[in-house]
Every structure is written in C-alpha cells, then in structure tokens.
file start-v3.cif (mmCIF, C-alpha atoms and all ligand atoms)
data_start
#
loop_
_atom_site.label_atom_id
_atom_site.label_comp_id
_atom_site.auth_asym_id
_atom_site.auth_seq_id
_atom_site.Cartn_x
_atom_site.Cartn_y
_atom_site.Cartn_z
CA MET A 1 80.06 -7.85 51.07
CA LEU A 2 76.92 -6.69 49.29
CA ASN A 3 77.13 -7.77 45.66
CA ARG A 4 74.08 -6.88 43.60
CA GLU A 5 73.76 -7.12 39.81
CA THR A 6 71.03 -5.47 37.79
CA GLN A 7 70.57 -5.24 34.03
CA THR A 8 69.25 -1.97 32.61
CA GLN A 9 67.18 -1.60 29.44
CA ARG A 10 70.34 -0.58 27.54
CA GLY A 11 71.84 -3.95 28.45
CA GLU A 12 74.18 -2.33 30.97
CA VAL A 13 74.99 -4.53 33.91
CA LEU A 14 75.60 -2.61 37.08
CA THR A 15 77.48 -4.19 39.91
CA GLU A 16 77.31 -2.66 43.32
CA MET A 17 79.75 -4.31 45.69
CA SER A 18 79.98 -1.39 48.04
CA GLY A 19 79.79 2.29 47.19
CA ARG A 20 83.57 2.49 46.79
CA ASP A 21 83.97 -0.58 44.52
CA ALA A 22 80.98 0.00 42.24
CA TRP A 23 81.78 -0.20 38.52
CA THR A 24 79.78 -0.47 35.36
CA PHE A 25 80.08 -2.90 32.48
CA SER A 26 78.08 -1.84 29.46
CA GLN A 27 77.16 -3.71 26.31
CA ALA A 28 79.85 -1.67 24.55
CA ASP A 29 82.43 -2.73 27.17
CA PHE A 30 81.45 -6.35 26.63
CA GLU A 31 81.83 -5.87 22.85
CA SER A 32 85.35 -4.46 23.37
CA ILE A 33 86.37 -7.53 25.36
CA ALA A 34 84.65 -9.84 22.85
CA GLN A 35 86.60 -8.19 20.00
CA ILE A 36 89.95 -8.64 21.79
CA ALA A 37 89.05 -12.25 22.61
CA LYS A 38 88.19 -12.97 18.98
CA THR A 39 91.22 -11.23 17.49
CA TYR A 40 93.87 -12.69 19.77
CA PHE A 41 92.46 -16.02 20.88
CA GLY A 42 89.74 -16.91 18.33
CA LEU A 43 87.27 -17.04 21.20
CA ASN A 44 83.56 -16.60 20.67
CA LEU A 45 82.10 -14.85 23.72
CA SER A 46 78.37 -15.35 23.99
CA ARG A 47 76.30 -12.42 25.29
CA SER A 48 74.64 -14.86 27.66
CA LYS A 49 77.98 -15.00 29.52
CA MET A 50 78.11 -11.22 30.04
CA ALA A 51 77.33 -11.31 33.76
CA LEU A 52 79.80 -14.16 34.36
CA ILE A 53 82.53 -12.34 32.46
CA GLN A 54 81.81 -9.15 34.35
CA SER A 55 82.12 -10.97 37.64
CA ARG A 56 85.46 -12.57 36.66
CA LEU A 57 86.79 -9.29 35.23
CA GLY A 58 85.77 -7.64 38.50
CA GLN A 59 88.08 -10.01 40.37
CA ARG A 60 90.96 -9.23 38.01
CA MET A 61 90.36 -5.48 38.31
CA LYS A 62 90.28 -5.82 42.07
CA GLN A 63 93.71 -7.52 41.99
CA LEU A 64 94.96 -4.56 39.96
CA GLY A 65 93.32 -2.03 42.30
CA MET A 66 91.14 -0.67 39.49
CA SER A 67 87.57 0.49 39.87
CA SER A 68 86.88 1.61 36.33
CA PHE A 69 86.57 -0.63 33.30
CA SER A 70 88.00 2.09 31.06
CA ASP A 71 91.26 1.90 33.10
CA TYR A 72 91.33 -1.81 32.42
CA LEU A 73 90.86 -1.25 28.68
CA VAL A 74 93.78 1.20 28.76
CA ARG A 75 95.94 -1.52 30.36
CA LEU A 76 94.92 -3.89 27.57
CA GLN A 77 96.32 -1.42 25.05
CA GLY A 78 99.40 -0.15 26.90
CA PRO A 79 102.96 -1.52 27.32
CA LEU A 80 101.69 -4.40 29.49
CA ALA A 81 99.07 -5.36 26.89
CA LYS A 82 100.62 -8.73 25.99
CA ASP A 83 100.89 -9.89 29.62
CA GLU A 84 97.44 -8.60 30.44
CA ARG A 85 95.92 -10.41 27.48
CA THR A 86 97.34 -13.63 28.93
CA GLU A 87 95.61 -12.81 32.22
CA LEU A 88 92.44 -11.97 30.31
CA LEU A 89 92.54 -15.33 28.58
CA SER A 90 92.54 -17.07 31.96
CA VAL A 91 89.57 -14.92 32.96
CA LEU A 92 87.63 -15.87 29.83
CA THR A 93 88.31 -19.58 29.51
CA THR A 94 88.29 -22.55 31.79
CA ASN A 95 91.25 -24.87 32.22
CA VAL A 96 89.11 -27.70 33.57
CA THR A 97 90.68 -31.03 32.76
CA HIS A 98 91.21 -34.40 34.36
CA PHE A 99 93.13 -37.61 33.98
CA PHE A 100 91.66 -40.20 31.60
CA ARG A 101 88.87 -37.83 30.65
CA GLU A 102 86.47 -39.55 28.23
CA GLN A 103 87.59 -43.07 29.04
CA HIS A 104 86.37 -44.43 25.69
CA HIS A 105 89.13 -42.46 23.93
CA PHE A 106 91.77 -44.12 26.09
CA ASP A 107 90.16 -47.54 25.58
CA ALA A 108 90.35 -47.06 21.79
CA LEU A 109 93.95 -45.89 22.06
CA ARG A 110 94.98 -48.83 24.23
CA ASN A 111 93.08 -51.53 22.34
CA THR A 112 93.32 -50.56 18.68
CA ILE A 113 95.21 -47.36 17.87
CA LEU A 114 98.44 -47.57 19.87
CA PRO A 115 99.46 -51.23 19.26
CA PRO A 116 100.29 -50.75 15.52
CA LEU A 117 101.96 -47.39 16.27
CA LEU A 118 104.10 -48.98 18.97
CA LYS A 119 105.03 -51.78 16.60
CA ALA A 120 106.09 -49.19 14.00
CA ALA A 121 108.10 -47.28 16.61
CA ALA A 122 109.78 -50.53 17.75
CA GLU A 123 110.86 -51.03 14.13
CA GLY A 124 112.50 -47.61 14.12
CA GLN A 125 109.73 -45.43 12.69
CA ARG A 126 108.97 -41.94 13.94
CA VAL A 127 105.69 -41.64 15.90
CA ARG A 128 104.28 -38.31 17.09
CA LEU A 129 101.27 -37.56 19.29
CA TRP A 130 99.90 -34.12 20.17
CA SER A 131 97.74 -32.96 23.02
CA ALA A 132 96.56 -29.57 21.68
CA GLY A 133 95.02 -27.35 24.38
CA CYS A 134 96.47 -29.56 27.11
CA SER A 135 95.73 -27.30 30.09
CA THR A 136 97.76 -28.49 33.12
CA GLY A 137 98.72 -31.74 31.39
CA PRO A 138 96.52 -34.65 32.57
CA GLU A 139 95.57 -35.50 28.97
CA ALA A 140 99.22 -35.84 27.90
CA PHE A 141 100.19 -37.69 31.10
CA SER A 142 97.28 -40.13 30.60
CA LEU A 143 98.50 -40.78 27.06
CA ALA A 144 102.11 -41.35 28.17
CA MET A 145 101.04 -43.69 31.01
CA THR A 146 98.90 -45.72 28.58
CA ILE A 147 101.84 -46.05 26.19
CA LEU A 148 104.36 -47.00 28.89
CA ASP A 149 101.95 -49.49 30.38
CA LEU A 150 101.57 -51.17 26.99
CA CYS A 151 105.27 -51.05 26.27
CA PRO A 152 107.86 -49.81 28.82
CA ALA A 153 110.55 -49.72 26.10
CA ALA A 154 108.60 -47.03 24.23
CA LYS A 155 110.52 -44.29 26.03
CA THR A 156 113.68 -45.35 24.20
CA TRP A 157 112.10 -45.18 20.73
CA ASP A 158 111.49 -42.22 18.41
CA LEU A 159 108.05 -41.75 19.91
CA LYS A 160 107.22 -38.35 21.37
CA ILE A 161 104.26 -36.49 22.78
CA LEU A 162 103.89 -32.75 22.23
CA ALA A 163 101.53 -30.95 24.64
CA THR A 164 100.64 -27.30 24.06
CA ASP A 165 98.35 -24.62 25.41
CA ILE A 166 97.94 -20.89 24.82
CA ASP A 167 98.09 -20.20 28.56
CA PRO A 168 101.68 -20.06 29.91
CA ILE A 169 100.45 -20.46 33.49
CA VAL A 170 98.94 -23.92 32.86
CA ILE A 171 102.05 -24.97 30.92
CA GLU A 172 104.24 -24.11 33.92
CA THR A 173 101.93 -26.20 36.15
CA ALA A 174 102.14 -29.09 33.68
CA LYS A 175 105.94 -28.99 33.74
CA VAL A 176 105.95 -29.20 37.55
CA ALA A 177 103.65 -32.27 37.24
CA GLN A 178 102.40 -32.22 40.82
CA PHE A 179 98.71 -32.79 41.50
CA PRO A 180 96.49 -33.12 44.57
CA GLN A 181 95.45 -36.68 45.40
CA ALA A 182 91.82 -35.89 44.50
CA GLU A 183 92.93 -35.22 40.90
CA LEU A 184 95.31 -38.19 40.82
CA ASP A 185 92.41 -40.43 41.78
CA GLY A 186 91.26 -40.13 38.15
CA ILE A 187 94.19 -42.41 37.24
CA PRO A 188 93.39 -46.16 37.47
CA ARG A 189 94.88 -47.55 40.68
CA GLU A 190 97.44 -49.85 39.00
CA LEU A 191 98.77 -47.00 36.86
CA GLN A 192 98.91 -44.68 39.88
CA THR A 193 101.06 -47.24 41.67
CA LYS A 194 103.47 -47.44 38.74
CA TYR A 195 103.65 -43.85 37.55
CA VAL A 196 102.89 -41.48 40.45
CA THR A 197 105.00 -40.89 43.56
CA GLU A 198 103.39 -41.50 46.95
CA THR A 199 101.34 -38.52 48.06
CA GLY A 200 103.26 -36.82 50.87
CA PRO A 201 101.91 -34.92 53.89
CA SER A 202 101.16 -32.00 51.54
CA GLY A 203 98.50 -34.17 49.85
CA VAL A 204 100.30 -33.78 46.51
CA GLY A 205 101.77 -36.53 44.32
CA GLU A 206 104.15 -36.17 41.39
CA ILE A 207 104.07 -37.82 37.97
CA LYS A 208 107.24 -39.91 37.68
CA GLY A 209 110.15 -38.89 35.46
CA ASN A 210 109.78 -41.74 32.95
CA VAL A 211 106.27 -40.47 32.06
CA ARG A 212 107.31 -36.81 32.03
CA SER A 213 110.33 -37.42 29.82
CA MET A 214 108.08 -38.59 26.97
CA ILE A 215 106.33 -35.20 26.79
CA THR A 216 107.46 -31.78 25.58
CA PHE A 217 105.25 -28.98 26.91
CA GLY A 218 105.05 -25.61 25.15
CA VAL A 219 102.96 -22.47 24.75
CA LEU A 220 101.13 -22.29 21.44
CA ASN A 221 98.10 -20.37 20.21
CA LEU A 222 96.09 -22.68 17.95
CA ILE A 223 94.76 -19.80 15.87
CA ASP A 224 98.27 -18.71 14.82
CA PRO A 225 100.14 -20.44 11.96
CA LEU A 226 101.78 -23.56 13.39
CA PRO A 227 105.58 -23.50 13.81
CA PHE A 228 105.82 -27.17 12.73
CA HIS A 229 104.51 -29.47 10.00
CA GLY A 230 104.07 -32.79 11.74
CA PRO A 231 103.12 -35.33 10.63
CA PHE A 232 101.21 -36.39 13.75
CA ASP A 233 99.85 -39.90 14.15
CA VAL A 234 97.48 -38.95 16.96
CA VAL A 235 96.00 -35.55 17.84
CA LEU A 236 93.83 -34.93 20.88
CA CYS A 237 92.13 -31.54 20.82
CA ARG A 238 89.27 -31.90 23.23
CA ASN A 239 87.11 -29.23 24.81
CA VAL A 240 89.08 -26.42 23.17
CA ALA A 241 87.27 -25.67 19.88
CA ILE A 242 84.09 -25.28 21.88
CA TYR A 243 85.27 -21.75 22.76
CA PHE A 244 85.88 -20.76 19.13
CA ASP A 245 83.46 -19.29 16.62
CA ARG A 246 82.51 -21.46 13.66
CA ASP A 247 85.06 -19.94 11.23
CA THR A 248 87.89 -20.45 13.70
CA GLN A 249 86.75 -24.03 14.35
CA THR A 250 86.69 -24.73 10.62
CA LYS A 251 90.24 -23.35 10.24
CA LEU A 252 91.38 -25.47 13.19
CA TRP A 253 90.12 -28.73 11.63
CA ARG A 254 91.89 -27.71 8.40
CA THR A 255 95.09 -27.10 10.40
CA PHE A 256 94.91 -30.55 11.97
CA SER A 257 94.18 -32.21 8.66
CA ASP A 258 97.27 -30.53 7.19
CA VAL A 259 99.64 -31.74 9.93
CA MET A 260 98.25 -35.25 10.38
CA ALA A 261 99.70 -38.36 8.81
CA PRO A 262 97.38 -40.33 6.48
CA GLY A 263 95.60 -42.76 8.80
CA GLY A 264 96.28 -40.52 11.83
CA HIS A 265 93.67 -40.35 14.58
CA LEU A 266 91.91 -37.19 15.79
CA PHE A 267 89.99 -36.99 19.08
CA ILE A 268 87.69 -34.06 19.85
CA GLY A 269 85.49 -33.05 22.80
CA HIS A 270 82.07 -34.55 23.49
CA SER A 271 80.18 -31.43 22.35
CA GLU A 272 82.38 -30.59 19.35
CA HIS A 273 81.86 -31.39 15.64
CA LEU A 274 84.02 -31.30 12.56
CA THR A 275 82.94 -28.57 10.12
CA GLY A 276 84.02 -27.27 6.72
CA ALA A 277 86.01 -28.86 3.91
CA ALA A 278 88.38 -30.73 6.25
CA LYS A 279 85.43 -32.81 7.42
CA SER A 280 85.58 -34.81 4.17
CA GLU A 281 89.23 -35.64 4.86
CA PHE A 282 88.34 -37.64 7.96
CA SER A 283 86.35 -40.85 8.49
CA LYS A 284 84.41 -41.17 11.72
CA THR A 285 85.65 -44.16 13.72
CA GLY A 286 83.56 -43.70 16.86
CA PHE A 287 81.97 -41.05 19.04
CA THR A 288 84.17 -37.92 18.68
CA MET A 289 86.92 -40.03 17.06
CA TYR A 290 88.12 -39.57 13.48
CA GLN A 291 90.77 -40.99 11.18
CA ARG A 292 92.59 -38.94 8.54
CA LYS A 293 91.85 -40.49 5.15
CA GLY A 294 94.55 -41.62 2.73
CA VAL A 295 95.95 -44.71 4.49
C1 LIG A 301 88.68 -26.94 29.04
S1 LIG A 301 90.43 -27.01 28.79
C2 LIG A 301 90.56 -28.60 28.02
C3 LIG A 301 91.81 -29.34 28.45
C4 LIG A 301 91.96 -30.76 27.87
N1 LIG A 301 92.08 -30.75 26.44
C5 LIG A 301 90.81 -31.63 28.29
O1 LIG A 301 89.91 -31.90 27.49
O2 LIG A 301 90.78 -32.03 29.46
C6 LIG A 301 90.62 -25.89 27.40
C7 LIG A 301 92.06 -25.42 27.19
O3 LIG A 301 92.15 -24.80 25.91
C8 LIG A 301 93.07 -23.75 26.01
N2 LIG A 301 92.87 -22.80 24.89
C9 LIG A 301 91.86 -21.90 24.72
N3 LIG A 301 92.06 -21.19 23.61
C10 LIG A 301 93.22 -21.65 23.04
C11 LIG A 301 93.96 -21.31 21.87
N4 LIG A 301 93.56 -20.32 21.05
N5 LIG A 301 95.10 -21.98 21.61
C12 LIG A 301 95.52 -22.99 22.43
N6 LIG A 301 94.87 -23.34 23.56
C13 LIG A 301 93.72 -22.68 23.85
C14 LIG A 301 92.78 -23.13 27.37
O4 LIG A 301 93.87 -22.36 27.84
C15 LIG A 301 92.50 -24.38 28.20
O5 LIG A 301 93.64 -24.83 28.90
#

call {"tool": "encode", "arguments": {"input": "start-v3.cif", "output": "structure tokens"}}
result
Amino acid sequence: MLNRETQTQRGEVLTEMSGRDAWTFSQADFESIAQIAKTYFGLNLSRSKMALIQSRLGQRMKQLGMSSFSDYLVRLQGPLAKDERTELLSVLTTNVTHFFREQHHFDALRNTILPPLLKAAAEGQRVRLWSAGCSTGPEAFSLAMTILDLCPAAKTWDLKILATDIDPIVIETAKVAQFPQAELDGIPRELQTKYVTETGPSGVGEIKGNVRSMITFGVLNLIDPLPFHGPFDVVLCRNVAIYFDRDTQTKLWRTFSDVMAPGGHLFIGHSEHLTGAAKSEFSKTGFTMYQRKGV
C-alpha cells in the first residue's frame, strides 16, 4: 500500500495511505495527545516523535475503523475513555524488556546486596523487593531466579517481590509467564534448566511455579499516589522514568525515597539520572545503582 508522509510548513504531517484511508495529524492534534499523555501517564512526548506517533496512532485508528483523528479524540473523551487511554498508552510507550537486562545489576545483587537480605529473611525479618514498571515480567523473574539460586529456602520466608506496571496487558502476560525460547535464551543456561519448563513444540517455555509464587503482579500507575508504604529493601525502576518529563521524574525519585528502607538499594536505567531533593537521600554505589542513606 502506498504510504507517503509529508510535513507542511504549519507542521502538519499528512499521511496518504490510499485515497480512502488518508488522514491528517496536525501540530494541534499532536499537542492534544501530548496533553493526555502528560496528564494521565506523566509521559513527555517529544515533537521529534510526531511522525512515529502518527504512524502508531494510524494503526490503532485502523483497528477501530476510523479515518479521522477528531473521531479518535472523541473516543478518548467518551464512555470508553478509560479503556482507550490504556490502548493509547501501549501506542505511546514501548514494553521492551529482557531477562537479566543490565547484567551488572544482577551481579551486584547476587554478590553483595542479596546475601545480607537473605540472612535477615532467614532470621525471620521481612524483606520486600519491587520491580516498578515491570513490563511482561522478565525483570521480576530474573530477580526471583537469582534469589532462589542463592537460597532455595527463600520461598518459605517473609521475602516477597512486587512487580507492577501501568499497562494491564503486559501484567496479564507476566502472570501467564510463558515466553518464546528466543527470549528465554537471555537466562543463563544453568538457571534455565532449573527454573524454566522445557520448550514444547510451540516454541514456548514457562517459568516454573516456585519462581512465580515469589512474585505478586499488579497494575499501578507510578504517577498516582502509591497504595502502600513499603518499606522496600530493593527497588528496580529501569527504563521507565526515561519517558517522563523532568518534574515527574523528580517526583518519582521522591516517591521511591519515601517507601525505601534506610540502606535500601535503587536500580535505574542506563540513560536515567536522579534529580531533585531526593538525590541527596541516596549514595551512588555503582553505575545506575544507589543506596538509600540512613543505614
Ligand atoms: C521499556 S519498559 C521497561 C521494562 C523493565 N523495567 C526493563 O527495564 O526491562 C517500560 C515500562 O514502563 C511502563 N510504564 C510507562 N509509564 C508508566 C507509569 N506511569 N506507571 C507505571 N509503569 C509505566 C510501560 O508500560 C512499560 O512496560
């Protein structure tokens, strides 16, 4: 199908897919979407992404049988607004994730951070870990496998992993815990053997129940007030704040600081930075790794 994009002097991007499907996406339309994204999700949409967003919105509008952006805006304000905003979120963000992403974080957890926490849990103390913005779950599963590999008895202690994301679709996928072999290959071979079922003819393997039972998955928007107080001993929030504007990022670091135990460990994404007053409440312990002060 012919798919041609041109940008006019007014900043209007015109897409011509075929005469029948042609629709326009103006600067003002982009601003409307950017406003919704900021209000509901804390997202910061850069103008440089306008063509990309238009293309993705075009796919969503096609699914809905719409050819006019104003119809789509009406849907975003009507009775289906809440559901459509969830769809919009998937259009605007990426859920890219993988097992043992940023290996140095998992090395630090295995070698220095988890051993004292496991000792405390073995002595009856409460230990909580949070994968915030967990997407389909590989981050939380990697954490649980690392813990079980260090200490199989950990699943009987008061040690729990919370894994949350704003997108209900990825949370449902995480709960099912089935992944194609290509994704499972991110798990070190010896851990795969222990904690993943054999890949069947469908090419899909499942994370075993002992790993899954350590994690509670739930839908949670990080820009809303949190429904819990912690304290968390470990928080991983990686490659999430990158989508937020600076004010929202600053509030997020404050939020984490408030729910983390003194001495708790925070991991962020490779292109993210702590900002604002909360920054002084953390000591840097390594690249994109921080420890809440007050041990
Ligand atoms: C690129 S993925 C990162 C997944 C994982 N943390 C990792 O590093 O592999 C970003 C995730 O952040 C989630 N997200 C975006 N905005 C959010 C918000 N306001 N609250 C909670 N999660 C959000 C997205 O739905 C997406 O699943």

call {"tool": "residues_near_ligand", "arguments": {"input": "start-v3.cif", "ligand": "ligand LIG 301 (chain A)", "cutoff": "6 Å", "atoms": "all atoms listed in the file", "output": "CSV table (one decimal) with C-alpha atoms, in the coordinates of the input"}}
result
chain,number,residue,atom,x,y,z
A,41,PHE,CA,92.5,-16.0,20.9
A,42,GLY,CA,89.7,-16.9,18.3
A,94,THR,CA,88.3,-22.6,31.8
A,95,ASN,CA,91.2,-24.9,32.2
A,96,VAL,CA,89.1,-27.7,33.6
A,97,THR,CA,90.7,-31.0,32.8
A,98,HIS,CA,91.2,-34.4,34.4
A,133,GLY,CA,95.0,-27.4,24.4
A,134,CYS,CA,96.5,-29.6,27.1
A,135,SER,CA,95.7,-27.3,30.1
A,139,GLU,CA,95.6,-35.5,29.0
A,165,ASP,CA,98.4,-24.6,25.4
A,166,ILE,CA,97.9,-20.9,24.8
A,167,ASP,CA,98.1,-20.2,28.6
A,220,LEU,CA,101.1,-22.3,21.4
A,221,ASN,CA,98.1,-20.4,20.2
A,222,LEU,CA,96.1,-22.7,18.0
A,223,ILE,CA,94.8,-19.8,15.9
A,237,CYS,CA,92.1,-31.5,20.8
A,238,ARG,CA,89.3,-31.9,23.2
A,239,ASN,CA,87.1,-29.2,24.8
A,240,VAL,CA,89.1,-26.4,23.2

call {"tool": "residues_around", "arguments": {"input": "start-v3.cif", "residues": "Leu64 (chain A)", "least_positions_apart": "5", "cutoff": "12 Å", "atoms": "only C-alpha atoms", "output": "MDAnalysis selection string"}}
result
chainID A and resid 57:59 69 71:72 75 84 87

call {"tool": "closest_residue", "arguments": {"input": "start-v3.cif", "among": "A:Val235, A:Leu274, A:Met260, A:Leu162", "to": "Lys293 (chain A)", "atoms": "all atoms listed in the file"}}
result
A:Met260

call {"tool": "residues_around", "arguments": {"input": "start-v3.cif", "residues": "Gly276 (chain A)", "least_positions_apart": "3", "cutoff": "10 Å", "atoms": "all atoms listed in the file", "output": "PyMOL selection string"}}
result
chain A and resi 246-247+249-254+279-280

call {"tool": "atom_distance", "arguments": {"input": "start-v3.cif", "atom1": "CA of Gln63 (chain A)", "atom2": "CA of Ile169 (chain A)"}}
result
16.9 Å

call {"tool": "atom_distance", "arguments": {"input": "start-v3.cif", "atom1": "CA of Arg101 (chain A)", "atom2": "CA of Ile187 (chain A)"}}
result
9.6 Å

call {"tool": "atom_distance", "arguments": {"input": "start-v3.cif", "atom1": "CA of Thr216 (chain A)", "atom2": "CA of Tyr195 (chain A)"}}
result
17.4 Å

call {"tool": "closest_residue", "arguments": {"input": "start-v3.cif", "among": "A:Arg47, A:Lys208, A:Lys284, A:Lys175", "to": "Leu191 (chain A)", "atoms": "all atoms listed in the file"}}
result
A:Lys208

call {"tool": "residues_around", "arguments": {"input": "start-v3.cif", "residues": "Ala144 (chain A)", "least_positions_apart": "3", "cutoff": "10 Å", "atoms": "all atoms listed in the file", "output": "list in words"}}
result
Leu129, Pro138, Glu139, Ala140, Phe141, Ile147, Leu148, Asp149, Leu150, Ala154, Lys155, Lys160, Ile161, Tyr195, Asn210, Val211, Arg212, Ser213, Met214 and Ile215 of chain A

call {"tool": "axis_aligned_box", "arguments": {"input": "start-v3.cif", "around": "region 200-208 of chain A", "padding_each_side": "8 Å", "output": "JSON"}}
result
{"center_x": 102.9, "center_y": -36.0, "center_z": 45.8, "size_x": 24.7, "size_y": 23.9, "size_z": 32.2}

call {"tool": "closest_residue", "arguments": {"input": "start-v3.cif", "among": "A:Ser257, A:Leu76, A:Ala177, A:Val219", "to": "Ile33 (chain A)", "atoms": "all atoms listed in the file"}}
result
A:Leu76

call {"tool": "closest_residue", "arguments": {"input": "start-v3.cif", "among": "A:Gly78, A:Phe99, A:Thr39, A:Asp29", "to": "Gly186 (chain A)", "atoms": "only C-alpha atoms"}}
result
A:Phe99

call {"tool": "closest_residue", "arguments": {"input": "start-v3.cif", "among": "A:Tyr243, A:Phe256, A:Phe106, A:Phe287", "to": "Lys38 (chain A)", "atoms": "all atoms listed in the file"}}
result
A:Tyr243

call {"tool": "closest_residue", "arguments": {"input": "start-v3.cif", "among": "A:Leu73, A:Ala108, A:Lys119, A:Phe244", "to": "Leu92 (chain A)", "atoms": "only C-alpha atoms"}}
result
A:Phe244

call {"tool": "residues_around", "arguments": {"input": "start-v3.cif", "residues": "Met50 (chain A)", "least_positions_apart": "4", "cutoff": "9 Å", "atoms": "all atoms listed in the file", "output": "list in words"}}
result
Val13, Phe25, Gln27, Phe30, Leu45, Ser46, Gln54 and Ser55 of chain A

call {"tool": "write_last_selection", "arguments": {"input": "start-v3.cif", "atoms": "C-alpha atoms", "output": "PDB file, keeping the file's coordinate frame"}}
result
ATOM      1  CA  VAL A  13      74.990  -4.530  33.910  1.00  0.00           C
ATOM      2  CA  PHE A  25      80.080  -2.900  32.480  1.00  0.00           C
ATOM      3  CA  GLN A  27      77.160  -3.710  26.310  1.00  0.00           C
ATOM      4  CA  PHE A  30      81.450  -6.350  26.630  1.00  0.00           C
ATOM      5  CA  LEU A  45      82.100 -14.850  23.720  1.00  0.00           C
ATOM      6  CA  SER A  46      78.370 -15.350  23.990  1.00  0.00           C
ATOM      7  CA  GLN A  54      81.810  -9.150  34.350  1.00  0.00           C
ATOM      8  CA  SER A  55      82.120 -10.970  37.640  1.00  0.00           C
TER       9      SER A  55
END

call {"tool": "build_atoms", "arguments": {"input": "start-v3.cif", "residues": "region 210-217 of chain A", "atoms": "all heavy atoms", "output": "mmCIF file, in the coordinates of the input"}}
result
data_model
loop_
_atom_site.group_PDB
_atom_site.id
_atom_site.type_symbol
_atom_site.label_atom_id
_atom_site.label_comp_id
_atom_site.auth_asym_id
_atom_site.auth_seq_id
_atom_site.Cartn_x
_atom_site.Cartn_y
_atom_site.Cartn_z
ATOM 1 N N ASN A 210 109.821 -40.993 34.206
ATOM 2 C CA ASN A 210 109.780 -41.740 32.950
ATOM 3 C C ASN A 210 108.554 -41.341 32.107
ATOM 4 O O ASN A 210 108.587 -41.361 30.881
ATOM 5 C CB ASN A 210 109.824 -43.260 33.188
ATOM 6 C CG ASN A 210 108.748 -43.759 34.122
ATOM 7 O OD1 ASN A 210 108.050 -42.952 34.765
ATOM 8 N ND2 ASN A 210 108.582 -45.064 34.220
ATOM 9 N N VAL A 211 107.471 -40.948 32.780
ATOM 10 C CA VAL A 211 106.270 -40.470 32.060
ATOM 11 C C VAL A 211 106.550 -39.057 31.530
ATOM 12 O O VAL A 211 106.310 -38.747 30.358
ATOM 13 C CB VAL A 211 105.044 -40.436 33.008
ATOM 14 C CG1 VAL A 211 103.810 -39.911 32.285
ATOM 15 C CG2 VAL A 211 104.786 -41.808 33.604
ATOM 16 N N ARG A 212 107.083 -38.223 32.399
ATOM 17 C CA ARG A 212 107.310 -36.810 32.030
ATOM 18 C C ARG A 212 108.288 -36.689 30.865
ATOM 19 O O ARG A 212 108.140 -35.809 30.016
ATOM 20 C CB ARG A 212 107.834 -36.039 33.240
ATOM 21 C CG ARG A 212 106.777 -35.916 34.309
ATOM 22 C CD ARG A 212 107.355 -35.617 35.659
ATOM 23 N NE ARG A 212 108.062 -34.363 35.691
ATOM 24 C CZ ARG A 212 108.614 -33.864 36.795
ATOM 25 N NH1 ARG A 212 108.506 -34.534 37.933
ATOM 26 N NH2 ARG A 212 109.230 -32.720 36.776
ATOM 27 N N SER A 213 109.284 -37.576 30.845
ATOM 28 C CA SER A 213 110.330 -37.420 29.820
ATOM 29 C C SER A 213 109.807 -37.722 28.411
ATOM 30 O O SER A 213 110.466 -37.419 27.418
ATOM 31 C CB SER A 213 111.524 -38.311 30.144
ATOM 32 O OG SER A 213 111.120 -39.658 30.035
ATOM 33 N N MET A 214 108.635 -38.306 28.308
ATOM 34 C CA MET A 214 108.080 -38.590 26.970
ATOM 35 C C MET A 214 107.370 -37.371 26.378
ATOM 36 O O MET A 214 106.967 -37.385 25.212
ATOM 37 C CB MET A 214 107.072 -39.742 27.052
ATOM 38 C CG MET A 214 107.733 -41.052 27.430
ATOM 39 S SD MET A 214 106.524 -42.352 27.509
ATOM 40 C CE MET A 214 106.040 -42.487 25.799
ATOM 41 N N ILE A 215 107.171 -36.333 27.218
ATOM 42 C CA ILE A 215 106.330 -35.200 26.790
ATOM 43 C C ILE A 215 107.138 -33.913 26.723
ATOM 44 O O ILE A 215 107.917 -33.608 27.626
ATOM 45 C CB ILE A 215 105.171 -35.000 27.803
ATOM 46 C CG1 ILE A 215 104.428 -36.311 28.041
ATOM 47 C CG2 ILE A 215 104.215 -33.910 27.333
ATOM 48 C CD1 ILE A 215 103.473 -36.278 29.226
ATOM 49 N N THR A 216 106.914 -33.140 25.659
ATOM 50 C CA THR A 216 107.460 -31.780 25.580
ATOM 51 C C THR A 216 106.288 -30.819 25.698
ATOM 52 O O THR A 216 105.347 -30.882 24.888
ATOM 53 C CB THR A 216 108.158 -31.547 24.222
ATOM 54 O OG1 THR A 216 109.165 -32.541 24.074
ATOM 55 C CG2 THR A 216 108.786 -30.168 24.158
ATOM 56 N N PHE A 217 106.327 -29.967 26.722
ATOM 57 C CA PHE A 217 105.250 -28.980 26.910
ATOM 58 C C PHE A 217 105.664 -27.643 26.307
ATOM 59 O O PHE A 217 106.839 -27.251 26.404
ATOM 60 C CB PHE A 217 104.961 -28.782 28.401
ATOM 61 C CG PHE A 217 104.207 -29.926 29.017
ATOM 62 C CD1 PHE A 217 104.853 -30.855 29.810
ATOM 63 C CD2 PHE A 217 102.842 -30.068 28.801
ATOM 64 C CE1 PHE A 217 104.156 -31.914 30.381
ATOM 65 C CE2 PHE A 217 102.142 -31.128 29.364
ATOM 66 C CZ PHE A 217 102.799 -32.047 30.158
#
